[in-house]
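**Student:** Just data_34.cif, nothing more (mmCIF, N, CA and C atoms and all ligand atoms):
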data_run
loop_
_atom_site.label_atom_id
_atom_site.label_comp_id
_atom_site.auth_asym_id
_atom_site.auth_seq_id
_atom_site.Cartn_x
_atom_site.Cartn_y
_atom_site.Cartn_z
N MET A 1 -3.15 16.12 31.28
CA MET A 1 -2.01 15.77 30.41
C MET A 1 -2.08 16.61 29.14
N THR A 2 -1.00 17.27 28.86
CA THR A 2 -0.98 18.07 27.63
C THR A 2 -0.36 17.26 26.51
N THR A 3 -0.69 17.65 25.32
CA THR A 3 -0.13 16.95 24.17
C THR A 3 0.33 17.98 23.16
N HIS A 4 1.42 17.65 22.46
CA HIS A 4 1.97 18.60 21.51
C HIS A 4 1.35 18.44 20.13
N LEU A 5 0.52 17.41 19.97
CA LEU A 5 -0.07 17.18 18.65
C LEU A 5 -1.50 17.72 18.62
N THR A 6 -1.82 18.43 17.57
CA THR A 6 -3.19 18.93 17.41
C THR A 6 -4.06 17.81 16.83
N ALA A 7 -5.38 17.99 16.93
CA ALA A 7 -6.30 17.00 16.37
C ALA A 7 -6.06 16.84 14.87
N GLY A 8 -5.76 17.95 14.21
CA GLY A 8 -5.50 17.92 12.78
C GLY A 8 -4.25 17.11 12.45
N GLN A 9 -3.21 17.29 13.27
CA GLN A 9 -1.97 16.54 13.05
C GLN A 9 -2.20 15.05 13.27
N ARG A 10 -2.98 14.72 14.30
CA ARG A 10 -3.28 13.30 14.57
C ARG A 10 -4.07 12.69 13.42
N ALA A 11 -5.01 13.45 12.90
CA ALA A 11 -5.81 12.95 11.78
C ALA A 11 -4.91 12.68 10.58
N LEU A 12 -3.96 13.59 10.37
CA LEU A 12 -3.03 13.43 9.25
C LEU A 12 -2.16 12.19 9.43
N LEU A 13 -1.67 12.00 10.66
CA LEU A 13 -0.82 10.84 10.94
C LEU A 13 -1.63 9.55 10.87
N GLU A 14 -2.88 9.62 11.32
CA GLU A 14 -3.74 8.45 11.24
C GLU A 14 -3.93 8.03 9.78
N ALA A 15 -4.16 9.02 8.92
CA ALA A 15 -4.33 8.73 7.49
C ALA A 15 -3.05 8.11 6.92
N ALA A 16 -1.90 8.64 7.35
CA ALA A 16 -0.62 8.10 6.87
C ALA A 16 -0.44 6.66 7.34
N LEU A 17 -0.87 6.38 8.58
CA LEU A 17 -0.74 5.02 9.13
C LEU A 17 -1.65 4.05 8.38
N VAL A 18 -2.88 4.47 8.11
CA VAL A 18 -3.82 3.61 7.39
C VAL A 18 -3.27 3.29 6.01
N GLN A 19 -2.72 4.32 5.37
CA GLN A 19 -2.15 4.14 4.03
C GLN A 19 -0.97 3.16 4.07
N ARG A 20 -0.12 3.33 5.07
CA ARG A 20 1.06 2.48 5.23
C ARG A 20 0.63 1.03 5.51
N GLN A 21 -0.41 0.89 6.31
CA GLN A 21 -0.92 -0.44 6.66
C GLN A 21 -1.41 -1.17 5.40
N HIS A 22 -2.15 -0.45 4.57
CA HIS A 22 -2.65 -1.05 3.33
C HIS A 22 -1.50 -1.45 2.43
N GLU A 23 -0.50 -0.56 2.35
CA GLU A 23 0.65 -0.79 1.49
C GLU A 23 1.39 -2.05 1.94
N LEU A 24 1.62 -2.17 3.26
CA LEU A 24 2.34 -3.33 3.79
C LEU A 24 1.52 -4.60 3.62
N ASP A 25 0.22 -4.50 3.87
CA ASP A 25 -0.68 -5.63 3.67
C ASP A 25 -0.54 -6.17 2.26
N ARG A 26 -0.59 -5.24 1.30
CA ARG A 26 -0.56 -5.63 -0.10
C ARG A 26 0.79 -6.25 -0.44
N ARG A 27 1.86 -5.62 0.04
CA ARG A 27 3.20 -6.11 -0.27
C ARG A 27 3.43 -7.49 0.32
N LEU A 28 2.96 -7.70 1.54
CA LEU A 28 3.14 -9.01 2.18
C LEU A 28 2.32 -10.07 1.44
N ALA A 29 1.12 -9.73 1.04
CA ALA A 29 0.27 -10.68 0.31
C ALA A 29 0.94 -11.04 -1.01
N GLU A 30 1.45 -10.04 -1.71
CA GLU A 30 2.13 -10.27 -2.98
C GLU A 30 3.36 -11.14 -2.78
N HIS A 31 4.06 -10.85 -1.70
CA HIS A 31 5.29 -11.56 -1.42
C HIS A 31 5.01 -13.04 -1.17
N HIS A 32 4.03 -13.31 -0.31
CA HIS A 32 3.69 -14.70 -0.01
C HIS A 32 3.24 -15.41 -1.28
N ASP A 33 2.44 -14.69 -2.03
CA ASP A 33 1.88 -15.20 -3.27
C ASP A 33 3.00 -15.54 -4.25
N GLY A 34 3.96 -14.64 -4.37
CA GLY A 34 4.99 -14.79 -5.37
C GLY A 34 6.16 -15.66 -4.95
N LEU A 35 6.26 -15.93 -3.66
CA LEU A 35 7.45 -16.59 -3.14
C LEU A 35 7.72 -17.94 -3.82
N SER A 36 6.70 -18.78 -3.94
CA SER A 36 6.92 -20.10 -4.53
C SER A 36 7.24 -19.96 -6.02
N ARG A 37 6.54 -19.04 -6.69
CA ARG A 37 6.81 -18.83 -8.13
C ARG A 37 8.23 -18.34 -8.33
N VAL A 38 8.65 -17.37 -7.51
CA VAL A 38 9.99 -16.80 -7.62
C VAL A 38 11.03 -17.86 -7.35
N ALA A 39 10.81 -18.66 -6.33
CA ALA A 39 11.75 -19.71 -5.97
C ALA A 39 11.90 -20.68 -7.14
N HIS A 40 10.79 -21.01 -7.76
CA HIS A 40 10.81 -21.94 -8.88
C HIS A 40 11.59 -21.33 -10.05
N ALA A 41 11.35 -20.08 -10.36
CA ALA A 41 12.04 -19.40 -11.46
C ALA A 41 13.54 -19.41 -11.20
N ARG A 42 13.92 -19.20 -9.95
CA ARG A 42 15.34 -19.18 -9.62
C ARG A 42 15.95 -20.56 -9.82
N GLU A 43 15.25 -21.59 -9.40
CA GLU A 43 15.75 -22.95 -9.57
C GLU A 43 16.05 -23.20 -11.04
N VAL A 44 15.11 -22.80 -11.89
CA VAL A 44 15.27 -23.02 -13.33
C VAL A 44 16.47 -22.24 -13.84
N LEU A 45 16.55 -20.97 -13.43
CA LEU A 45 17.62 -20.10 -13.93
C LEU A 45 18.99 -20.60 -13.49
N LEU A 46 19.07 -21.15 -12.30
CA LEU A 46 20.37 -21.47 -11.73
C LEU A 46 20.74 -22.94 -11.89
N GLN A 47 19.90 -23.64 -12.62
CA GLN A 47 20.07 -25.08 -12.71
C GLN A 47 21.47 -25.51 -13.18
N ASP A 48 22.01 -24.81 -14.20
CA ASP A 48 23.26 -25.29 -14.78
C ASP A 48 24.51 -24.66 -14.15
N GLY A 49 24.34 -23.83 -13.15
CA GLY A 49 25.51 -23.27 -12.49
C GLY A 49 25.57 -23.73 -11.04
N ASP A 50 26.74 -23.62 -10.47
CA ASP A 50 26.85 -23.98 -9.06
C ASP A 50 26.64 -22.71 -8.23
N ASP A 51 25.39 -22.28 -8.19
CA ASP A 51 25.08 -21.00 -7.57
C ASP A 51 24.32 -21.17 -6.26
N ALA A 52 24.49 -22.30 -5.65
CA ALA A 52 23.74 -22.56 -4.43
C ALA A 52 23.92 -21.47 -3.37
N PRO A 53 25.15 -20.99 -3.13
CA PRO A 53 25.28 -19.95 -2.10
C PRO A 53 24.52 -18.70 -2.47
N GLN A 54 24.55 -18.33 -3.74
CA GLN A 54 23.84 -17.15 -4.20
C GLN A 54 22.34 -17.32 -4.03
N ARG A 55 21.85 -18.52 -4.35
CA ARG A 55 20.44 -18.84 -4.22
C ARG A 55 20.02 -18.75 -2.76
N GLU A 56 20.89 -19.25 -1.92
CA GLU A 56 20.62 -19.22 -0.48
C GLU A 56 20.52 -17.78 0.00
N ASN A 57 21.42 -16.94 -0.52
CA ASN A 57 21.42 -15.51 -0.18
C ASN A 57 20.12 -14.84 -0.57
N ALA A 58 19.69 -15.12 -1.81
CA ALA A 58 18.47 -14.50 -2.32
C ALA A 58 17.28 -14.90 -1.46
N ARG A 59 17.25 -16.16 -1.07
CA ARG A 59 16.16 -16.65 -0.24
C ARG A 59 16.18 -15.96 1.13
N ALA A 60 17.37 -15.82 1.69
CA ALA A 60 17.50 -15.18 2.99
C ALA A 60 17.05 -13.73 2.91
N THR A 61 17.38 -13.06 1.78
CA THR A 61 16.96 -11.68 1.61
C THR A 61 15.44 -11.58 1.55
N ASP A 62 14.83 -12.50 0.80
CA ASP A 62 13.37 -12.54 0.72
C ASP A 62 12.76 -12.64 2.11
N LEU A 63 13.29 -13.56 2.89
CA LEU A 63 12.75 -13.80 4.22
C LEU A 63 12.98 -12.59 5.11
N ALA A 64 14.16 -11.97 4.98
CA ALA A 64 14.47 -10.81 5.81
C ALA A 64 13.52 -9.66 5.49
N VAL A 65 13.23 -9.47 4.21
CA VAL A 65 12.32 -8.39 3.80
C VAL A 65 10.92 -8.67 4.36
N THR A 66 10.47 -9.91 4.24
CA THR A 66 9.15 -10.27 4.77
C THR A 66 9.11 -10.05 6.28
N ASP A 67 10.17 -10.45 6.96
CA ASP A 67 10.27 -10.25 8.40
C ASP A 67 10.13 -8.79 8.77
N MET A 68 10.88 -7.95 8.05
CA MET A 68 10.88 -6.51 8.32
C MET A 68 9.50 -5.93 8.10
N GLU A 69 8.85 -6.36 7.01
CA GLU A 69 7.53 -5.82 6.68
C GLU A 69 6.49 -6.29 7.70
N THR A 70 6.61 -7.54 8.14
CA THR A 70 5.70 -8.06 9.15
C THR A 70 5.86 -7.27 10.45
N GLN A 71 7.11 -7.01 10.81
CA GLN A 71 7.40 -6.27 12.02
C GLN A 71 6.86 -4.85 11.95
N GLU A 72 7.06 -4.23 10.78
CA GLU A 72 6.61 -2.85 10.60
C GLU A 72 5.09 -2.80 10.62
N LEU A 73 4.45 -3.81 10.03
CA LEU A 73 2.99 -3.86 10.02
C LEU A 73 2.46 -3.91 11.46
N GLY A 74 3.14 -4.67 12.30
CA GLY A 74 2.77 -4.74 13.71
C GLY A 74 2.88 -3.38 14.37
N ALA A 75 3.99 -2.68 14.10
CA ALA A 75 4.22 -1.36 14.68
C ALA A 75 3.17 -0.37 14.20
N VAL A 76 2.82 -0.47 12.92
CA VAL A 76 1.82 0.43 12.35
C VAL A 76 0.45 0.19 13.00
N SER A 77 0.08 -1.09 13.18
CA SER A 77 -1.21 -1.42 13.79
C SER A 77 -1.27 -0.90 15.23
N GLN A 78 -0.15 -1.06 15.95
CA GLN A 78 -0.09 -0.56 17.32
C GLN A 78 -0.27 0.95 17.35
N ALA A 79 0.43 1.63 16.45
CA ALA A 79 0.36 3.09 16.40
C ALA A 79 -1.06 3.56 16.07
N LEU A 80 -1.73 2.82 15.19
CA LEU A 80 -3.10 3.17 14.81
C LEU A 80 -4.04 3.12 16.02
N LYS A 81 -3.80 2.16 16.90
CA LYS A 81 -4.63 2.04 18.10
C LYS A 81 -4.39 3.18 19.06
N ARG A 82 -3.16 3.74 19.02
CA ARG A 82 -2.77 4.74 20.02
C ARG A 82 -2.85 6.17 19.49
N VAL A 83 -3.10 6.32 18.19
CA VAL A 83 -2.91 7.63 17.57
C VAL A 83 -3.75 8.74 18.21
N HIS A 84 -4.89 8.39 18.82
CA HIS A 84 -5.71 9.43 19.46
C HIS A 84 -5.58 9.43 20.98
N SER A 85 -4.66 8.62 21.50
CA SER A 85 -4.47 8.60 22.95
C SER A 85 -3.34 9.57 23.33
N PRO A 86 -3.34 10.05 24.57
CA PRO A 86 -2.35 11.07 24.97
C PRO A 86 -0.91 10.59 24.91
N ASP A 87 -0.68 9.27 25.03
CA ASP A 87 0.71 8.81 25.04
C ASP A 87 1.27 8.61 23.64
N TYR A 88 0.44 8.80 22.63
CA TYR A 88 0.96 8.70 21.26
C TYR A 88 1.83 9.92 20.95
N GLY A 89 2.96 9.69 20.29
CA GLY A 89 3.84 10.80 19.94
C GLY A 89 4.75 11.21 21.08
N VAL A 90 4.74 10.39 22.16
CA VAL A 90 5.63 10.64 23.29
C VAL A 90 6.63 9.49 23.34
N CYS A 91 7.90 9.83 23.46
CA CYS A 91 8.95 8.82 23.49
C CYS A 91 8.74 7.86 24.66
N VAL A 92 8.72 6.54 24.37
CA VAL A 92 8.47 5.56 25.43
C VAL A 92 9.65 5.43 26.39
N ASP A 93 10.82 5.91 25.96
CA ASP A 93 12.00 5.79 26.82
C ASP A 93 12.22 7.02 27.70
N CYS A 94 12.19 8.22 27.11
CA CYS A 94 12.53 9.40 27.91
C CYS A 94 11.32 10.29 28.18
N GLY A 95 10.17 9.98 27.55
CA GLY A 95 8.96 10.75 27.83
C GLY A 95 8.90 12.10 27.14
N GLU A 96 9.88 12.39 26.30
CA GLU A 96 9.86 13.64 25.54
C GLU A 96 8.91 13.53 24.35
N ASP A 97 8.40 14.66 23.93
CA ASP A 97 7.56 14.66 22.73
C ASP A 97 8.40 14.29 21.51
N ILE A 98 7.86 13.41 20.68
CA ILE A 98 8.51 13.12 19.41
C ILE A 98 8.06 14.20 18.42
N PRO A 99 9.00 14.91 17.80
CA PRO A 99 8.60 16.01 16.92
C PRO A 99 7.67 15.55 15.79
N PHE A 100 6.72 16.41 15.48
CA PHE A 100 5.76 16.09 14.42
C PHE A 100 6.47 15.78 13.11
N ASP A 101 7.58 16.47 12.86
CA ASP A 101 8.34 16.24 11.62
C ASP A 101 8.84 14.80 11.54
N ARG A 102 9.22 14.24 12.68
CA ARG A 102 9.68 12.84 12.69
C ARG A 102 8.48 11.91 12.49
N LEU A 103 7.37 12.23 13.12
CA LEU A 103 6.18 11.39 13.01
C LEU A 103 5.62 11.41 11.59
N LYS A 104 5.80 12.54 10.93
CA LYS A 104 5.32 12.63 9.54
C LYS A 104 6.05 11.61 8.67
N VAL A 105 7.33 11.38 8.97
CA VAL A 105 8.14 10.43 8.20
C VAL A 105 7.88 9.00 8.68
N GLU A 106 7.74 8.86 10.01
CA GLU A 106 7.58 7.53 10.61
C GLU A 106 6.51 7.64 11.68
N ALA A 107 5.26 7.56 11.25
CA ALA A 107 4.14 7.82 12.16
C ALA A 107 4.03 6.77 13.26
N TRP A 108 4.72 5.62 13.08
CA TRP A 108 4.64 4.55 14.07
C TRP A 108 5.82 4.59 15.04
N ALA A 109 6.65 5.66 14.94
CA ALA A 109 7.83 5.77 15.80
C ALA A 109 7.42 5.77 17.28
N LEU A 110 8.14 5.00 18.09
CA LEU A 110 7.86 4.94 19.52
C LEU A 110 8.82 5.79 20.32
N ARG A 111 9.94 6.16 19.67
CA ARG A 111 11.00 6.86 20.40
C ARG A 111 11.46 8.09 19.64
N CYS A 112 12.02 9.04 20.39
CA CYS A 112 12.67 10.17 19.76
C CYS A 112 13.94 9.67 19.08
N VAL A 113 14.55 10.50 18.27
CA VAL A 113 15.71 10.07 17.47
C VAL A 113 16.83 9.56 18.37
N GLY A 114 17.11 10.29 19.45
CA GLY A 114 18.20 9.92 20.35
C GLY A 114 17.98 8.55 20.97
N CYS A 115 16.79 8.31 21.51
CA CYS A 115 16.49 7.04 22.17
C CYS A 115 16.42 5.91 21.15
N GLU A 116 15.96 6.23 19.94
CA GLU A 116 15.85 5.21 18.91
C GLU A 116 17.24 4.66 18.56
N SER A 117 18.23 5.53 18.39
CA SER A 117 19.55 5.03 18.02
C SER A 117 20.17 4.28 19.19
N ALA A 118 19.93 4.74 20.41
CA ALA A 118 20.43 4.01 21.58
C ALA A 118 19.79 2.63 21.64
N HIS A 119 18.49 2.58 21.37
CA HIS A 119 17.75 1.33 21.42
C HIS A 119 18.26 0.36 20.35
N GLU A 120 18.52 0.90 19.16
CA GLU A 120 19.00 0.05 18.07
C GLU A 120 20.39 -0.50 18.38
N ALA A 121 21.24 0.32 18.95
CA ALA A 121 22.58 -0.14 19.32
C ALA A 121 22.48 -1.26 20.34
N GLN A 122 21.57 -1.12 21.29
CA GLN A 122 21.37 -2.12 22.33
C GLN A 122 20.83 -3.42 21.73
N ALA A 123 19.83 -3.28 20.85
CA ALA A 123 19.21 -4.46 20.23
C ALA A 123 20.25 -5.23 19.42
N THR A 124 21.12 -4.51 18.73
CA THR A 124 22.16 -5.16 17.94
C THR A 124 23.11 -5.92 18.85
N GLY A 125 23.42 -5.31 19.99
CA GLY A 125 24.31 -5.96 20.96
C GLY A 125 23.70 -7.23 21.50
N ARG A 126 22.38 -7.18 21.78
CA ARG A 126 21.70 -8.35 22.36
C ARG A 126 21.67 -9.53 21.41
N ARG A 127 21.61 -9.20 20.08
CA ARG A 127 21.47 -10.26 19.10
C ARG A 127 22.75 -11.11 18.97
N THR A 128 23.88 -10.52 19.39
CA THR A 128 25.13 -11.26 19.32
C THR A 128 25.10 -12.43 20.30
N PRO A 129 25.39 -13.64 19.82
CA PRO A 129 25.36 -14.79 20.72
C PRO A 129 26.38 -14.66 21.85
N ALA A 130 25.99 -15.03 23.04
CA ALA A 130 26.87 -14.89 24.20
C ALA A 130 27.95 -15.96 24.19
ZN ZN B 1 13.54 9.68 23.89
#
Here is the file; what I need is its structure written in the form of structure tokens.
**Tutor:**
Amino acid sequence: MTTHLTAGQRALLEAALVQRQHELDRRLAEHHDGLSRVAHAREVLLQDGDDAPQRENARATDLAVTDMETQELGAVSQALKRVHSPDYGVCVDCGEDIPFDRLKVEAWALRCVGCESAHEAQATGRRTPA
């Protein structure tokens, strides 16, 4: 099996993944830590206005961000396990090499750009209630 990534490129991507993992770990820890304090501050700030929908929105955004970061952390951990294996950097859908330039930006990418947008369109479709 041939691979388009050199050992040096893999080492670079591995370092990027480790860095990203630490960053997400820290952000999630801060987020969990701050969530109750932030919620309390909002309650106080919004006490005299009828801002319940706005408060609900802010809470939903908090949760969505945490969700996204948790999901990304999972993807980063998976990529770290695979970074030195031959199937890393190969699109899981079409089997094409994912360009190093794309991996430099998103080292945990599982798909090439084309398959990624197709996958996202499909995922969005699935989320719609039947
Ligand atoms: Zn592909």
**Student:** Check which residues fall inside 12 Å of ligand ZN 1 (chain B) when counting only C-alpha atoms and all ligand atoms, and print them as number ranges by chain.
**Tutor:** A: 89-99, 109-119
**Student:** In Å to one decimal, how far is atom CA of Leu103 of chain A from atom CA of Val76 of chain A?
**Tutor:**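 That distance, rounded to one decimal, is 11.8 Å.
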**Student:** I'd like the interatomic distance between atom C of Gln19 of chain A and atom CA of Thr70 of chain A, to a tenth of an Å.
**Tutor:**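 If I compute the distance from atom C of Gln19 of chain A to atom CA of Thr70 of chain A, I get 14.0 Å.
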**Student:** Please provide as a list in words all residues within 10 Å of segment 63-68 of chain A, with the sequence filter that same-chain residues fewer than 2 positions apart are discarded (counting only C-alpha atoms).
**Tutor:** Leu24, Arg27, Leu28, Ala29, His31, His32, Leu35, Asn57, Ala58, Arg59, Ala60, Thr61, Thr70, Gln71, Glu72, Leu73 and Gly74 of chain A
**Student:** May I ask for the distance between atom N of Trp108 of chain A and atom N of Ala123 of chain A, given in Å to one decimal place?
**Tutor:**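 We find that atom N of Trp108 of chain A and atom N of Ala123 of chain A lie 19.2 Å from each other.
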**Student:** For a quick check of understanding, using only N, CA and C atoms, which of A:Ala107, A:Arg102, A:Ala79, A:Glu69 has the smallest distance to Asp25 of chain A?
**Tutor:**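 Result for the nearest residue to Asp25 of chain A: A:Glu69.
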**Student:** Please list as a PyMOL selection string every residue within 7 Å of Glu14 of chain A, counting only C-alpha atoms and excluding residues in the same chain fewer than 4 positions away.
**Tutor:** chain A and resi 10+18+80+83
**Student:** Looking at A:Leu5, A:Leu12, A:Lys104, A:Leu17, which one is nearest to Lys81 of chain A, with distances taken over only C-alpha atoms?
**Tutor:** A:Leu17
**Student:** Which residue gives the smallest distance to His4 of chain A among A:Val105, A:Thr124, A:Pro86, A:Ser77, with all atoms listed in the file counted?
**Tutor:** A:Pro86
